[in-house]
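J.: Quick one: the structure is below, and I'll ask about it shortly.
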Amino acid sequence: MAKIKDITDLLESIAPRAYQEDYDNAGLITGDVNQEVSGILCTLDCVESIVEEAIAKNCNLIVAHHPIVFRGIKKLNGKNYVERTIIKAIKNDIAIYAIHTNLDNVQTGVNKKIADMIGLKNTQILLPKAATLSKLEVFIPVANTDHVLEAMHKAGAGNIGNYSNCSFRVLGNGTFKPNDMANPTIGSSNQQESVEENKVEVIFPSHLEGRIVSAMKNAHPYEEVAFYLQSLKNTNQEVGSGMIGELETAMNEQDFLSHLKHSMNLNTIKYTPVNGKSIKKVAVCGGAGSFLLPIAKGAGADAFVTSDFKYHEFFDAEGKLMIVDIGHYESEVYTKELLSAFISEKFANIATYLSEVDTNPVKYF
């Protein structure tokens, strides 16, 4: 049977924890990674009623988007819903795993789910993250270059957008002189050597550095490998906040609002005044997205679909686009379907459920 670690490893291969925001608390919150999984409950929030649902459905792993523990806990005595949820989960041997802003920040995550439901095409990250990429330069004998490159590519190096196995090489001569303690692959001790080598460069996500360097060293023929690592300021087009895309066909504002209400199954929408603009390019951000409004404007969005805008922030639209606030819960509730799909594709033999509990703390009269 699969263990909790197998599930979390899968989820972190899709949304690495390295991509969570500094304030976040993604990861395994309760539970033993070596425990076998009896069933999985996917949910937006993890509260007491969700733990009770997991018990009823014989699930010992809850995969939630929102972390139940967001700030530090100094005592566990059940004085609030956070502590009561944790206590109930531990008493019933239920693991809780949160996959929050790291899932927001990947190209296949929360915002892609919203974009797909709305029907957006040609989607891309709205605000790509900087400083998440690194470059490795390594010197390899010509005859061994393809072998070492293959190992680095398998470890995750050289993927750029829709292209894989990307690298750059320059031919030159490497020189070295082994001492008496050396065991050289090429040459002899105390003899100056000159070897035709390729200087190879590859780009990779920074959090894969250890794995890629290890793969490179294991495949490299030299006893001592010459290489350089460099952090890049480049933005990563596959990681970041929000998403922007285009509708198949432009709509007037009222038709777009009707389309949005139907496709996202909404009861209520808050939006800025209509001004007769056609809606074609749409930006989205699950959860609280007001920080992205200037970016959405700059990208030429006709509408920005998100939640948690404050009253005065609606004025910031300034007629340049339509702000559409659909509610925090409403914008992210379908994340549980996304999580279930990720897990079921790899672990079809594990019972995986969508939570049926409405955890939305906001009600409308």
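As shown in the structure tokens, the chain order sets the letters A, B, ...; within each chain, residues go from 1, and ligands are also counted from 1 in the order they appear.
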DSSP on the backbone, then: every residue of segment 153-350 of chain A marked alpha helix (DSSP H), written as an MDAnalysis selection string.

T.: chainID A and resid 153:154 209:219 253:263 293:298 328:332 335:346

J.: Would you pick out the contacts of segment 284-292 of chain A at 8 Å or less, using only C-alpha atoms, so that residues sharing its chain but fewer than 3 positions from it are not included, and give the list as a list of chain:residue names?

T.: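 Contacts, in chain order: A:Asp104, A:Val110, A:Asn111, A:Ile114, A:Ala115, A:Leu127, A:Ser241, A:Gly242, A:Met243, A:Ile244, A:Ile295, A:Ala296, A:Phe304, A:Val305, A:Thr306, A:Ser307, A:Asp308, A:Phe309, A:Glu313, A:Gly327, A:His328, A:Tyr329, A:Ser331, A:Glu332.
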
J.: Under the rule that only C-alpha atoms are counted, which of A:Met251, A:Ala155, A:Val63, A:Val195 is the nearest residue to Lys177 of chain A?

T.: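 The closest residue to Lys177 of chain A is A:Val195.
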
J.: Which is closer to His312 of chain A than all the others in A:Val170, A:Val51, A:Thr335, A:Thr272, using only C-alpha atoms?

T.: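 For His312 of chain A, the nearest of the given residues is A:Thr272.
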
J.: Which residues in segment 273-364 of chain A does DSSP call strand (DSSP E)? List them as an mmCIF file with N, CA and C atoms, in the first residue's frame.

T.:
```
data_model
loop_
_atom_site.group_PDB
_atom_site.id
_atom_site.type_symbol
_atom_site.label_atom_id
_atom_site.label_comp_id
_atom_site.auth_asym_id
_atom_site.auth_seq_id
_atom_site.Cartn_x
_atom_site.Cartn_y
_atom_site.Cartn_z
ATOM 1 N N SER A 278 -15.639 45.619 -24.293
ATOM 2 C CA SER A 278 -15.702 44.206 -24.667
ATOM 3 C C SER A 278 -14.707 43.435 -23.807
ATOM 4 N N ILE A 279 -15.115 42.254 -23.340
ATOM 5 C CA ILE A 279 -14.256 41.425 -22.491
ATOM 6 C C ILE A 279 -13.648 40.299 -23.326
ATOM 7 N N LYS A 280 -12.357 40.321 -23.481
ATOM 8 C CA LYS A 280 -11.640 39.286 -24.221
ATOM 9 C C LYS A 280 -10.483 38.727 -23.390
ATOM 10 N N LYS A 281 -9.620 39.620 -22.883
ATOM 11 C CA LYS A 281 -8.469 39.195 -22.093
ATOM 12 C C LYS A 281 -8.839 39.253 -20.616
ATOM 13 N N VAL A 282 -8.652 38.128 -19.924
ATOM 14 C CA VAL A 282 -9.102 38.014 -18.536
ATOM 15 C C VAL A 282 -7.948 37.546 -17.651
ATOM 16 N N ALA A 283 -7.739 38.257 -16.532
ATOM 17 C CA ALA A 283 -6.776 37.847 -15.516
ATOM 18 C C ALA A 283 -7.530 37.197 -14.368
ATOM 19 N N VAL A 284 -6.920 36.198 -13.733
ATOM 20 C CA VAL A 284 -7.561 35.517 -12.601
ATOM 21 C C VAL A 284 -6.543 35.320 -11.486
ATOM 22 N N CYS A 285 -7.052 35.246 -10.265
ATOM 23 C CA CYS A 285 -6.222 34.893 -9.113
ATOM 24 C C CYS A 285 -7.124 34.294 -8.052
ATOM 25 N N GLY A 286 -6.902 33.031 -7.722
ATOM 26 C CA GLY A 286 -7.661 32.403 -6.659
ATOM 27 C C GLY A 286 -7.337 33.042 -5.319
ATOM 28 N N GLY A 287 -8.353 33.203 -4.469
ATOM 29 C CA GLY A 287 -8.131 33.820 -3.163
ATOM 30 C C GLY A 287 -7.978 35.320 -3.267
ATOM 31 N N ALA A 288 -7.244 35.886 -2.319
ATOM 32 C CA ALA A 288 -7.076 37.338 -2.238
ATOM 33 C C ALA A 288 -6.064 37.815 -3.272
ATOM 34 N N ALA A 303 -10.810 42.258 -17.752
ATOM 35 C CA ALA A 303 -11.468 41.909 -16.493
ATOM 36 C C ALA A 303 -10.472 41.183 -15.603
ATOM 37 N N PHE A 304 -10.631 41.354 -14.293
ATOM 38 C CA PHE A 304 -9.770 40.687 -13.323
ATOM 39 C C PHE A 304 -10.664 39.963 -12.328
ATOM 40 N N VAL A 305 -10.635 38.635 -12.363
ATOM 41 C CA VAL A 305 -11.490 37.796 -11.527
ATOM 42 C C VAL A 305 -10.692 37.305 -10.333
ATOM 43 N N THR A 306 -11.114 37.677 -9.130
ATOM 44 C CA THR A 306 -10.408 37.278 -7.919
ATOM 45 C C THR A 306 -11.356 37.439 -6.743
ATOM 46 N N SER A 307 -10.808 37.732 -5.535
ATOM 47 C CA SER A 307 -11.675 37.928 -4.373
ATOM 48 C C SER A 307 -10.996 38.820 -3.339
ATOM 49 N N MET A 322 -12.529 45.730 -15.548
ATOM 50 C CA MET A 322 -13.605 45.418 -14.621
ATOM 51 C C MET A 322 -13.068 44.490 -13.535
ATOM 52 N N ILE A 323 -13.137 44.921 -12.284
ATOM 53 C CA ILE A 323 -12.812 44.050 -11.159
ATOM 54 C C ILE A 323 -14.030 43.189 -10.862
ATOM 55 N N VAL A 324 -13.808 41.891 -10.760
ATOM 56 C CA VAL A 324 -14.901 40.958 -10.480
ATOM 57 C C VAL A 324 -14.506 40.134 -9.255
ATOM 58 N N ASP A 325 -15.153 40.409 -8.142
ATOM 59 C CA ASP A 325 -14.872 39.725 -6.878
ATOM 60 C C ASP A 325 -15.921 38.633 -6.687
ATOM 61 N N THR A 352 -10.132 8.007 -3.004
ATOM 62 C CA THR A 352 -9.928 9.450 -2.892
ATOM 63 C C THR A 352 -11.278 10.143 -3.027
ATOM 64 N N TYR A 353 -11.609 10.972 -2.043
ATOM 65 C CA TYR A 353 -12.923 11.599 -1.992
ATOM 66 C C TYR A 353 -12.808 13.118 -2.063
ATOM 67 N N LEU A 354 -13.856 13.739 -2.616
ATOM 68 C CA LEU A 354 -14.012 15.186 -2.529
ATOM 69 C C LEU A 354 -14.863 15.478 -1.304
#
```

J.: Using Å and a single decimal, report how far atom CA of Pro361 of chain A sits from atom CA of Asn267 of chain A.

T.: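 Calculated distance between atom CA of Asn267 of chain A and atom CA of Pro361 of chain A is 15.0 Å.
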
J.: Using only C-alpha atoms for the distances, tell me which of A:Cys42, A:Val138, A:Ile125, A:Ala250 is nearest to Gln230 of chain A.

T.: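 Looking at the shortest contact to Gln230 of chain A, the residue is A:Val138.
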
J.: Which residue is closest to Asn183 of chain A? Choose from A:Leu338, A:Tyr222, A:Glu209, A:Thr145 and count only C-alpha atoms.

T.: A:Tyr222

J.: Can you pull out the residues contacting Gly276 of chain A? Cut-off 10 Å, using only C-alpha atoms, and skip same-chain residues under 5 positions away; I want them as an MDAnalysis selection string.

T.: chainID A and resid 252:254

J.: Listing only residues of segment 218-275 of chain A within 12 Å of segment 156-159 of chain A, what is the closest atom pair and its distance in Å (to one decimal) for each, using only C-alpha atoms, sorted by chain and residue number ascending, as JSON lines?

T.:
```
{"residue": "A:Asn236", "atom": "CA", "partner": "A:Asn159", "partner_atom": "CA", "distance": 11.1}
{"residue": "A:Gln237", "atom": "CA", "partner": "A:Asn159", "partner_atom": "CA", "distance": 11.4}
{"residue": "A:Glu238", "atom": "CA", "partner": "A:Asn159", "partner_atom": "CA", "distance": 10.4}
```

J.: Find the residue from A:Asn162, A:Ser344, A:Thr249, A:Ser189 that sits nearest to Gln107 of chain A; use only C-alpha atoms when measuring.

T.: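 Ranked by minimum distance to Gln107 of chain A, first place goes to A:Asn162.
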
J.: Which is closer to Ser258 of chain A than all the others in A:Val33, A:Ile118, A:Ile62, A:Leu133, using only C-alpha atoms?

T.: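 For Ser258 of chain A, the nearest of the given residues is A:Ile118.
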
J.: Quick one: residues within 10 Å of Leu10 of chain A, only C-alpha atoms counted, chain neighbours fewer than 3 positions away excluded, as a PyMOL selection string?

T.: chain A and resi 5-7+13-16+342-343+346-347

J.: Write the residues of the selection above to a file with C-alpha atoms, as a PDB file, in the first residue's frame.

T.:
```pdb
ATOM      1  CA  LYS A   5       5.134  10.056   1.942  1.00  0.00           C
ATOM      2  CA  ASP A   6       4.265   8.682  -1.503  1.00  0.00           C
ATOM      3  CA  ILE A   7       1.312  11.058  -1.724  1.00  0.00           C
ATOM      4  CA  SER A  13       6.697  17.202  -7.477  1.00  0.00           C
ATOM      5  CA  ILE A  14       3.733  19.154  -8.887  1.00  0.00           C
ATOM      6  CA  ALA A  15       3.928  22.113  -6.490  1.00  0.00           C
ATOM      7  CA  PRO A  16       7.321  22.179  -4.743  1.00  0.00           C
ATOM      8  CA  PHE A 342      -3.514  14.722  -9.394  1.00  0.00           C
ATOM      9  CA  ILE A 343      -3.698  11.920  -6.835  1.00  0.00           C
ATOM     10  CA  LYS A 346      -1.024   8.212 -10.007  1.00  0.00           C
ATOM     11  CA  PHE A 347      -2.735   6.252  -7.225  1.00  0.00           C
TER      12      PHE A 347
END
```
